[in-house]
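Asker: Quick one: the structure is below, questions incoming.
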Amino acid sequence: MLDAFAPYPLCKTTTNNTFLSLESAALIPIRSPAEIDSIRAACTIVHSVQMALEAAVVPGVSTQQLDELAEATIRDQGGVPAFKGYCDFPASICASINAEAVHGFPRPSPLNDGDVVCVDVGVKLDGWFGDGAFTIGVGNISPEVRQLLSTTRASLDAGIEAFVPGGRLTDISHAVELAALAGGATVIREYGGHGIGRSLHEDPHILNYGPANRGPRLKVGHVFAIEPILSLSSADVEVADDGWTTVTTDGSIATHFEHTVALTSDGPVTLTLPVGQPAVGVPA
């Protein structure tokens, strides 16, 4: 993601109901099948990193250790950590714990039983980018947090299902919000999804709320990172003194899932979930 970092989506914060106008549709890149395959290759590494991190998340491990594992796994497969150095971000992953909604710094302190950690991973491979995030409970978590995780995954699924040829951009936004509300969660509005391909963040910015049937038409060849970010309670957030870590103001738990998705003539294809591979952040 890094969709709220400084300069652009990963660096961008959005607090109004703006989206690309119909006239701005030309700003959204149309990717060829070969280009989508290149993005898929980067996304395959994202998934493998997520699988390694999911297995490593236990009480006592630190997010700094997770960051080291992520960077080694990315580089072992010929990729480059997309986040490290992006807008001066210091790490290979964002690791956001409990009330931290996005952009948490990896740190040496251990995770505790009952914590919730969101891990966001970006990979650059041969000039193409992949991006994905998942949230996982550490040890035993409460039923309400488990429900929030389920709702956030459902919101992501709903957004992906709304990404169809001929639809409009905010169909995705509306679907995410409806699924969030149905699960009793709150959408954190400052952050959202984005286009991805040759850059980590490209047009359009994709809100996680709002009415359907607005914005540009969705076309075969669009590649978007769709990423609901939800809270148990307040939608209000503030940025910590480090300039990155974003925290809910009331201390409520926040969760975040993200997939890179390509739109094909057969519908949406999730590039960060390779065929035949398990999804991450889903309880057995």
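Each chain of the structure tokens is named A, B, ... in the order shown, its residues numbered from 1; ligands are numbered from 1 in display order.
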Contacts of Ile39 in chain A at 12 Å or less, counting only C-alpha atoms, minus same-chain residues fewer than 6 places along, as a PDB file with C-alpha atoms, in the first residue's frame?
Answerer:
ATOM      1  CA  ARG A  31      -2.044  -2.956 -19.425  1.00  0.00           C
ATOM      2  CA  SER A  32      -1.482  -5.599 -22.085  1.00  0.00           C
ATOM      3  CA  PRO A  33      -1.620  -9.308 -21.186  1.00  0.00           C
ATOM      4  CA  ILE A  45       6.748 -12.855  -4.752  1.00  0.00           C
ATOM      5  CA  VAL A  46       4.409 -10.742  -2.607  1.00  0.00           C
ATOM      6  CA  GLY A  79      12.947  -8.769  -6.292  1.00  0.00           C
ATOM      7  CA  GLY A 122       5.409  -4.337  -1.822  1.00  0.00           C
ATOM      8  CA  VAL A 123       7.757  -5.851  -4.403  1.00  0.00           C
ATOM      9  CA  LYS A 124       9.483  -4.447  -7.480  1.00  0.00           C
ATOM     10  CA  LEU A 125      10.600  -6.982 -10.085  1.00  0.00           C
ATOM     11  CA  ASP A 126      12.085  -6.018 -13.454  1.00  0.00           C
ATOM     12  CA  GLY A 127      10.475  -2.590 -13.278  1.00  0.00           C
ATOM     13  CA  TRP A 128       6.987  -3.809 -12.302  1.00  0.00           C
ATOM     14  CA  PHE A 129       5.262  -3.635  -8.911  1.00  0.00           C
ATOM     15  CA  GLY A 130       3.051  -5.863  -6.781  1.00  0.00           C
ATOM     16  CA  ASP A 131       1.361  -4.897  -3.514  1.00  0.00           C
ATOM     17  CA  GLY A 195      -3.603   1.820  -9.527  1.00  0.00           C
ATOM     18  CA  ILE A 196      -0.328  -0.079  -9.783  1.00  0.00           C
ATOM     19  CA  GLY A 197       2.075  -1.211 -12.492  1.00  0.00           C
ATOM     20  CA  ARG A 198       5.192   0.648 -13.523  1.00  0.00           C
ATOM     21  CA  SER A 199       4.898   2.676 -10.320  1.00  0.00           C
ATOM     22  CA  LEU A 200       3.902   1.544  -6.870  1.00  0.00           C
ATOM     23  CA  GLY A 221      -6.368  -3.998 -18.697  1.00  0.00           C
ATOM     24  CA  HIS A 222      -6.878  -1.919 -15.556  1.00  0.00           C
ATOM     25  CA  VAL A 223      -4.761  -3.127 -12.630  1.00  0.00           C
ATOM     26  CA  PHE A 224      -5.744  -1.911  -9.175  1.00  0.00           C
ATOM     27  CA  ALA A 225      -4.639  -2.509  -5.596  1.00  0.00           C
ATOM     28  CA  THR A 260      -3.440  -6.466  -6.580  1.00  0.00           C
ATOM     29  CA  VAL A 261      -6.132  -7.290  -9.133  1.00  0.00           C
ATOM     30  CA  ALA A 262      -6.143  -7.188 -12.950  1.00  0.00           C
ATOM     31  CA  VAL A 269      -8.042 -11.837 -11.575  1.00  0.00           C
ATOM     32  CA  THR A 270      -6.280 -11.579  -8.208  1.00  0.00           C
ATOM     33  CA  LEU A 271      -2.575 -11.432  -9.021  1.00  0.00           C
ATOM     34  CA  THR A 272      -1.439 -11.617  -5.392  1.00  0.00           C
TER      35      THR A 272
END
Asker: With DSSP run on the backbone, what are the strand (DSSP E or B) residues within range 39-229 of chain A? I'd like them as a PyMOL selection string.
Answerer: chain A and resi 62+80-81+93-97+100-102+110+116-125+128-137+168+186-187+193-195+202-206+217+223-226+229
Asker: Name all residues at most 9 Å from range 172-179 of chain A (count only C-alpha atoms; drop same-chain ones fewer than 2 positions away) and give them as a PyMOL selection string.
Answerer: chain A and resi 151-152+154-163+167-170+181-187+192+206-213+226-228
Asker: Got a sec: who's within 12 Å of Glu68 in chain A, counting only C-alpha atoms, leaving out chain neighbours fewer than 6 positions off, as an NGL selection string?
Answerer: :A and (49 or 52-53 or 56 or 61-62 or 74-75 or 81 or 84 or 91-95 or 106-108)
Asker: Quick one: pull the distance between CA of Asp236 in chain A and CA of Thr255 in chain A, Å, one decimal.
Answerer: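 These atoms are spaced 13.9 Å apart.
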Asker: As a PDB file with C-alpha atoms, in the first residue's frame, please: the residues near Lys219 in chain A (cut-off 7 Å, only C-alpha atoms, same-chain neighbours under 4 positions excluded).
Answerer:
ATOM      1  CA  PRO A 165     -15.711  -4.415 -17.341  1.00  0.00           C
ATOM      2  CA  GLY A 166     -18.170  -1.611 -17.989  1.00  0.00           C
ATOM      3  CA  LEU A 263      -9.347  -6.745 -14.940  1.00  0.00           C
TER       4      LEU A 263
END
Asker: Would you compute the distance between CA of Gln50 in chain A and CA of Phe83 in chain A? Give it in Å to one decimal.
Answerer: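 Those two atoms sit 14.8 Å apart.
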Asker: Rank A:Asp115, A:Glu71, A:Asp250, A:Asp120 by their smallest atom-to-atom distance to Val145 in chain A, using only C-alpha atoms, and report the top residue only.
Answerer: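 Nearest to Val145 in chain A: A:Asp115.
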Asker: Can you list every residue in range 37-278 of chain A that DSSP puts in alpha helix (DSSP H), as a ChimeraX atom specification?
Answerer: /A:37-56,63-76,143-161,169-182
Asker: Using only C-alpha atoms, which of the listed residues (A:Val121, A:Ile188, A:Ala133, A:Val138) sits closest to Arg153 in chain A?
Answerer: A:Ala133
Asker: Excluding Cys118 in chain A and residues on its chain fewer than 6 positions from it, collect all residues at most 10 Å away from it, counting only C-alpha atoms, and give them as number ranges by chain.
Answerer: A: 93-98, 100-104, 133-137, 254-257, 281
Asker: Mind pulling up the distance from CA of Gly193 in chain A to CA of Leu218 in chain A?
Answerer: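 Those two atoms sit 14.5 Å apart.
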Asker: With a distance cut-off of 9 Å and only C-alpha atoms, select the neighbouring residues of Ala279 in chain A, excluding the residue or stretch itself and same-chain residues fewer than 5 positions from it, and output the selection as a VMD selection string.
Answerer: chain A and resid 47 51 273 to 274
